[in-house]
Amino acid sequence: MPSEIASKWTDEELNGESVSKKDLVSFLQESGNNEFLLTHKLNGKLANVAKTAKRPALVAAYHALFATKQFRSSDEESAADLKAKKPEESNADNQADNKQQQQQDLTPKYTKKVTKKGSGERCPSKGDRV
């Protein structure tokens, strides 16, 4: 499959306004493998990536995809699927950490200590100027 993918757009089309950022990001997310997407910060929701990424960075990532040939293989899982699996695996670890943290939260970090108690003689009475 890596040899089948050909460049969709020319340099003039990429640098011009004929290709939208959303089209470019969707092509990169469909074609690039997970490692490529992570290194170029293109993993995530299509709308969010298209909104935050700059056009020159996307064009550079497009050229880097064909230069390094880091295309997605047919059996590779998407980045969203990998993120969904990670919380399930680390869920048992989180439960143990949560129990320890709850025990630490119950013990107070700071205690209030009063060094002197007032006698009440110095309180202003009615009519005094303060």
# chains A, B, ... in the order shown; residues from 1 in each chain; ligands from 1
>>> residues_around(residues="Lys22 in chain A", least_positions_apart="5", cutoff="12 Å", atoms="only C-alpha atoms", output="CSV table (one decimal) with N, CA, C and O atoms, in the first residue's frame")
chain,number,residue,atom,x,y,z
A,17,GLU,N,-4.6,28.9,-2.4
A,17,GLU,CA,-5.8,28.8,-1.6
A,17,GLU,C,-6.8,27.7,-2.1
A,17,GLU,O,-7.9,27.5,-1.6
A,27,PHE,N,-6.3,14.4,4.6
A,27,PHE,CA,-5.4,13.5,3.8
A,27,PHE,C,-4.3,13.0,4.7
A,27,PHE,O,-3.9,11.8,4.6
A,28,LEU,N,-3.7,13.9,5.5
A,28,LEU,CA,-2.5,13.5,6.3
A,28,LEU,C,-2.9,12.5,7.3
A,28,LEU,O,-2.2,11.5,7.6
A,29,GLN,N,-4.1,12.7,7.9
A,29,GLN,CA,-4.6,11.8,9.0
A,29,GLN,C,-4.9,10.4,8.4
A,29,GLN,O,-4.8,9.4,9.0
A,42,LEU,N,-0.4,16.1,14.5
A,42,LEU,CA,-1.6,16.0,13.6
A,42,LEU,C,-2.7,15.1,14.1
A,42,LEU,O,-3.7,14.8,13.5
A,45,LYS,N,-8.9,15.5,16.8
A,45,LYS,CA,-10.1,15.7,16.0
A,45,LYS,C,-9.7,16.6,14.8
A,45,LYS,O,-8.9,17.5,14.9
A,46,LEU,N,-10.4,16.3,13.7
A,46,LEU,CA,-10.0,17.0,12.4
A,46,LEU,C,-10.2,18.5,12.5
A,46,LEU,O,-9.4,19.3,12.1
A,47,ALA,N,-11.4,18.9,13.1
A,47,ALA,CA,-11.7,20.4,13.2
A,47,ALA,C,-10.6,21.1,14.1
A,47,ALA,O,-10.2,22.2,13.8
A,48,ASN,N,-10.3,20.4,15.2
A,48,ASN,CA,-9.3,21.1,16.1
A,48,ASN,C,-7.9,21.2,15.5
A,48,ASN,O,-7.3,22.2,15.7
A,49,VAL,N,-7.5,20.1,14.8
A,49,VAL,CA,-6.2,20.2,14.2
A,49,VAL,C,-6.1,21.2,13.1
A,49,VAL,O,-5.2,22.0,13.0
A,50,ALA,N,-7.2,21.3,12.3
A,50,ALA,CA,-7.2,22.2,11.2
A,50,ALA,C,-7.3,23.7,11.7
A,50,ALA,O,-6.7,24.6,11.1
A,51,LYS,N,-7.9,23.8,12.9
A,51,LYS,CA,-8.0,25.2,13.4
A,51,LYS,C,-6.7,25.6,14.0
A,51,LYS,O,-6.3,26.8,13.9
A,52,THR,N,-5.9,24.7,14.7
A,52,THR,CA,-4.7,25.2,15.4
A,52,THR,C,-3.5,25.1,14.5
A,52,THR,O,-2.5,25.9,14.7
A,53,ALA,N,-3.4,24.2,13.5
A,53,ALA,CA,-2.2,24.1,12.7
A,53,ALA,C,-2.1,25.2,11.7
A,53,ALA,O,-3.1,25.7,11.1
A,54,LYS,N,-0.9,25.6,11.4
A,54,LYS,CA,-0.6,26.7,10.4
A,54,LYS,C,-0.4,26.0,9.0
A,54,LYS,O,0.1,24.9,8.9
A,55,ARG,N,-0.7,26.7,8.0
A,55,ARG,CA,-0.6,26.2,6.6
A,55,ARG,C,0.9,25.8,6.3
A,55,ARG,O,1.1,24.7,5.7
A,58,LEU,N,1.6,22.5,7.8
A,58,LEU,CA,0.9,21.4,7.1
A,58,LEU,C,1.5,21.0,5.8
A,58,LEU,O,1.6,19.8,5.5
>>> closest_residue(among="A:Leu106, A:Val59, A:Leu65, A:Leu37", to="Glu12 in chain A", atoms="only C-alpha atoms")
A:Val59
>>> residues_around(residues="Phe36 in chain A", least_positions_apart="5", cutoff="12 Å", atoms="only C-alpha atoms", output="JSON, numbers by chain")
{"A": [28, 29, 30, 31, 41, 42, 43, 61, 62, 64, 65, 66, 67, 68, 69, 70, 71, 72, 78, 79]}
>>> write_last_selection(atoms="all heavy atoms", output="short mmCIF file (atom, residue, chain, number, x, y, z; two decimals), in the first residue's frame")
data_model
loop_
_atom_site.label_atom_id
_atom_site.label_comp_id
_atom_site.auth_asym_id
_atom_site.auth_seq_id
_atom_site.Cartn_x
_atom_site.Cartn_y
_atom_site.Cartn_z
N LEU A 28 -3.66 13.89 5.45
CA LEU A 28 -2.52 13.48 6.28
C LEU A 28 -2.94 12.48 7.35
O LEU A 28 -2.22 11.52 7.63
CB LEU A 28 -1.86 14.70 6.92
CG LEU A 28 -1.09 15.62 5.97
CD1 LEU A 28 -0.68 16.90 6.68
CD2 LEU A 28 0.11 14.92 5.40
N GLN A 29 -4.12 12.68 7.95
CA GLN A 29 -4.58 11.76 8.98
C GLN A 29 -4.95 10.40 8.39
O GLN A 29 -4.77 9.37 9.04
CB GLN A 29 -5.78 12.35 9.73
CG GLN A 29 -5.38 13.43 10.69
CD GLN A 29 -6.54 13.95 11.51
OE1 GLN A 29 -7.70 13.76 11.15
NE2 GLN A 29 -6.24 14.62 12.60
N GLU A 30 -5.47 10.37 7.17
CA GLU A 30 -5.82 9.09 6.54
C GLU A 30 -4.58 8.36 6.05
O GLU A 30 -4.54 7.13 6.08
CB GLU A 30 -6.77 9.33 5.37
CG GLU A 30 -8.14 9.80 5.78
CD GLU A 30 -8.96 10.30 4.60
OE1 GLU A 30 -8.48 10.20 3.45
OE2 GLU A 30 -10.08 10.77 4.83
N SER A 31 -3.58 9.10 5.60
CA SER A 31 -2.43 8.48 4.94
C SER A 31 -1.25 8.22 5.87
O SER A 31 -0.53 7.24 5.69
CB SER A 31 -1.96 9.36 3.79
OG SER A 31 -3.01 9.60 2.90
N LYS A 41 2.25 16.49 15.24
CA LYS A 41 1.12 17.01 16.02
C LYS A 41 -0.15 17.12 15.19
O LYS A 41 -0.84 18.13 15.21
CB LYS A 41 1.47 18.35 16.65
CG LYS A 41 2.62 18.28 17.62
CD LYS A 41 2.91 19.61 18.24
CE LYS A 41 4.09 19.48 19.19
NZ LYS A 41 4.48 20.76 19.74
N LEU A 42 -0.44 16.06 14.47
CA LEU A 42 -1.64 16.04 13.63
C LEU A 42 -2.68 15.05 14.13
O LEU A 42 -3.69 14.84 13.46
CB LEU A 42 -1.25 15.68 12.19
CG LEU A 42 -0.33 16.67 11.49
CD1 LEU A 42 0.12 16.13 10.16
CD2 LEU A 42 -1.02 18.00 11.31
N ASN A 43 -2.44 14.43 15.27
CA ASN A 43 -3.42 13.50 15.80
C ASN A 43 -4.47 14.29 16.56
O ASN A 43 -4.20 15.33 17.13
CB ASN A 43 -2.77 12.45 16.70
CG ASN A 43 -2.02 13.07 17.84
OD1 ASN A 43 -1.54 14.19 17.72
ND2 ASN A 43 -1.90 12.38 18.94
N ALA A 61 4.61 19.08 6.57
CA ALA A 61 4.26 17.71 6.96
C ALA A 61 3.85 16.89 5.74
O ALA A 61 4.16 15.70 5.65
CB ALA A 61 3.14 17.73 7.98
N TYR A 62 3.18 17.51 4.80
CA TYR A 62 2.77 16.82 3.56
C TYR A 62 4.00 16.37 2.78
O TYR A 62 4.08 15.24 2.32
CB TYR A 62 1.90 17.77 2.73
CG TYR A 62 1.40 17.20 1.43
CD1 TYR A 62 0.31 16.34 1.41
CD2 TYR A 62 2.00 17.53 0.22
CE1 TYR A 62 -0.16 15.82 0.23
CE2 TYR A 62 1.53 17.02 -0.96
CZ TYR A 62 0.45 16.16 -0.96
OH TYR A 62 -0.02 15.64 -2.14
N ALA A 64 7.00 15.98 4.04
CA ALA A 64 7.73 15.01 4.87
C ALA A 64 7.10 13.62 4.78
O ALA A 64 7.80 12.61 4.87
CB ALA A 64 7.77 15.47 6.32
N LEU A 65 5.79 13.56 4.61
CA LEU A 65 5.11 12.27 4.49
C LEU A 65 5.61 11.51 3.28
O LEU A 65 5.91 10.31 3.35
CB LEU A 65 3.60 12.48 4.40
CG LEU A 65 2.74 11.23 4.22
CD1 LEU A 65 2.82 10.35 5.44
CD2 LEU A 65 1.31 11.60 3.92
N PHE A 66 5.77 12.22 2.16
CA PHE A 66 6.24 11.55 0.95
C PHE A 66 7.75 11.35 0.97
O PHE A 66 8.26 10.43 0.35
CB PHE A 66 5.80 12.33 -0.29
CG PHE A 66 4.32 12.23 -0.52
CD1 PHE A 66 3.48 13.28 -0.20
CD2 PHE A 66 3.77 11.07 -1.04
CE1 PHE A 66 2.12 13.17 -0.40
CE2 PHE A 66 2.41 10.96 -1.25
CZ PHE A 66 1.59 12.01 -0.92
N ALA A 67 8.48 12.21 1.69
CA ALA A 67 9.93 12.06 1.76
C ALA A 67 10.31 10.86 2.63
O ALA A 67 11.20 10.08 2.29
CB ALA A 67 10.56 13.33 2.31
N THR A 68 9.61 10.69 3.77
CA THR A 68 9.94 9.61 4.70
C THR A 68 9.15 8.34 4.43
O THR A 68 9.47 7.28 4.97
CB THR A 68 9.67 10.03 6.14
OG1 THR A 68 8.30 10.39 6.28
CG2 THR A 68 10.55 11.19 6.55
N LYS A 69 8.09 8.44 3.61
CA LYS A 69 7.23 7.31 3.26
C LYS A 69 6.67 6.61 4.50
O LYS A 69 6.66 5.39 4.60
CB LYS A 69 7.97 6.31 2.38
CG LYS A 69 8.52 6.93 1.12
CD LYS A 69 8.42 5.98 -0.03
CE LYS A 69 9.02 6.55 -1.30
NZ LYS A 69 8.27 7.64 -1.86
N GLN A 70 6.19 7.39 5.46
CA GLN A 70 5.59 6.84 6.67
C GLN A 70 4.08 6.73 6.49
O GLN A 70 3.29 7.32 7.21
CB GLN A 70 5.91 7.73 7.88
CG GLN A 70 7.34 7.72 8.28
CD GLN A 70 7.56 8.58 9.52
OE1 GLN A 70 6.88 9.57 9.75
NE2 GLN A 70 8.54 8.19 10.31
N PHE A 71 3.68 5.93 5.51
CA PHE A 71 2.26 5.78 5.21
C PHE A 71 1.62 4.77 6.16
O PHE A 71 2.28 3.89 6.69
CB PHE A 71 2.07 5.33 3.77
CG PHE A 71 2.59 6.31 2.77
CD1 PHE A 71 3.69 6.01 1.99
CD2 PHE A 71 1.99 7.54 2.62
CE1 PHE A 71 4.17 6.91 1.07
CE2 PHE A 71 2.47 8.46 1.71
CZ PHE A 71 3.57 8.14 0.93
N ARG A 72 0.31 4.90 6.32
CA ARG A 72 -0.45 4.00 7.18
C ARG A 72 -0.59 2.65 6.49
O ARG A 72 -0.96 2.57 5.32
CB ARG A 72 -1.83 4.60 7.46
CG ARG A 72 -2.68 3.76 8.38
CD ARG A 72 -4.02 4.41 8.65
NE ARG A 72 -3.91 5.72 9.24
CZ ARG A 72 -3.73 5.94 10.54
NH1 ARG A 72 -3.65 4.93 11.36
NH2 ARG A 72 -3.64 7.16 11.01
N SER A 78 -6.12 3.22 14.14
CA SER A 78 -6.08 4.67 14.16
C SER A 78 -5.66 5.16 15.55
O SER A 78 -5.73 4.43 16.53
CB SER A 78 -7.45 5.26 13.80
OG SER A 78 -8.38 4.96 14.81
N ALA A 79 -5.26 6.41 15.61
CA ALA A 79 -4.80 6.98 16.88
C ALA A 79 -5.94 7.07 17.89
O ALA A 79 -5.73 6.93 19.08
CB ALA A 79 -4.20 8.36 16.64
#
>>> select_by_dssp(residues="chain A", states="helix (DSSP H, G or I)", output="VMD selection string")
chain A and resid 11 to 15 21 to 31 34 to 39 46 to 52 55 to 68 79 to 89 91 to 106
>>> write_last_selection(atoms="C-alpha atoms", output="CSV table (one decimal), in the first residue's frame")
chain,number,residue,atom,x,y,z
A,11,ASP,CA,3.3,22.8,-4.7
A,12,GLU,CA,1.3,25.7,-6.4
A,13,GLU,CA,-2.0,24.2,-5.2
A,14,LEU,CA,-0.6,23.6,-1.7
A,15,ASN,CA,0.8,27.2,-1.3
A,21,LYS,CA,-6.4,23.2,5.5
A,22,LYS,CA,-9.2,20.8,6.4
A,23,ASP,CA,-8.6,18.8,3.2
A,24,LEU,CA,-4.9,18.7,3.8
A,25,VAL,CA,-5.3,17.6,7.4
A,26,SER,CA,-7.8,14.9,6.5
A,27,PHE,CA,-5.4,13.5,3.8
A,28,LEU,CA,-2.5,13.5,6.3
A,29,GLN,CA,-4.6,11.8,9.0
A,30,GLU,CA,-5.8,9.1,6.5
A,31,SER,CA,-2.4,8.5,4.9
A,34,ASN,CA,0.5,7.1,14.0
A,35,GLU,CA,4.1,7.9,14.7
A,36,PHE,CA,4.1,10.4,11.9
A,37,LEU,CA,0.9,12.0,13.2
A,38,LEU,CA,2.4,12.3,16.7
A,39,THR,CA,5.7,13.8,15.6
A,46,LEU,CA,-10.0,17.0,12.4
A,47,ALA,CA,-11.7,20.4,13.2
A,48,ASN,CA,-9.3,21.1,16.1
A,49,VAL,CA,-6.2,20.2,14.2
A,50,ALA,CA,-7.2,22.2,11.2
A,51,LYS,CA,-8.0,25.2,13.4
A,52,THR,CA,-4.7,25.2,15.4
A,55,ARG,CA,-0.6,26.2,6.6
A,56,PRO,CA,3.2,26.2,6.3
A,57,ALA,CA,3.5,23.5,8.9
A,58,LEU,CA,0.9,21.4,7.1
A,59,VAL,CA,2.6,21.8,3.8
A,60,ALA,CA,6.0,20.8,5.4
A,61,ALA,CA,4.3,17.7,7.0
A,62,TYR,CA,2.8,16.8,3.6
A,63,HIS,CA,6.2,16.9,1.9
A,64,ALA,CA,7.7,15.0,4.9
A,65,LEU,CA,5.1,12.3,4.5
A,66,PHE,CA,6.2,11.5,0.9
A,67,ALA,CA,9.9,12.1,1.8
A,68,THR,CA,9.9,9.6,4.7
A,79,ALA,CA,-4.8,7.0,16.9
A,80,ALA,CA,-8.3,7.4,18.3
A,81,ASP,CA,-8.6,3.6,18.8
A,82,LEU,CA,-5.2,3.5,20.6
A,83,LYS,CA,-6.3,6.3,22.9
A,84,ALA,CA,-9.5,4.5,23.7
A,85,LYS,CA,-7.5,1.3,24.7
A,86,LYS,CA,-5.0,3.1,26.9
A,87,PRO,CA,-7.4,4.2,29.6
A,88,GLU,CA,-8.8,0.6,29.8
A,89,GLU,CA,-5.4,-0.8,30.4
A,91,ASN,CA,-7.7,1.8,34.7
A,92,ALA,CA,-6.5,-0.7,37.3
A,93,ASP,CA,-3.4,1.4,38.1
A,94,ASN,CA,-5.5,4.5,38.5
A,95,GLN,CA,-7.8,2.8,41.1
A,96,ALA,CA,-4.8,2.0,43.3
A,97,ASP,CA,-3.5,5.5,42.9
A,98,ASN,CA,-6.9,6.9,43.7
A,99,LYS,CA,-7.1,5.0,47.0
A,100,GLN,CA,-3.7,6.2,48.1
A,101,GLN,CA,-4.6,9.8,47.1
A,102,GLN,CA,-7.9,9.6,49.1
A,103,GLN,CA,-6.0,8.5,52.2
A,104,GLN,CA,-3.6,11.4,51.8
A,105,ASP,CA,-6.5,13.8,51.3
A,106,LEU,CA,-8.1,12.8,54.6
>>> atom_distance(atom1="CA of Glu77 in chain A", atom2="CA of Gly32 in chain A")
11.5 Å
>>> atom_distance(atom1="CA of Ser74 in chain A", atom2="CA of Ser7 in chain A")
18.5 Å
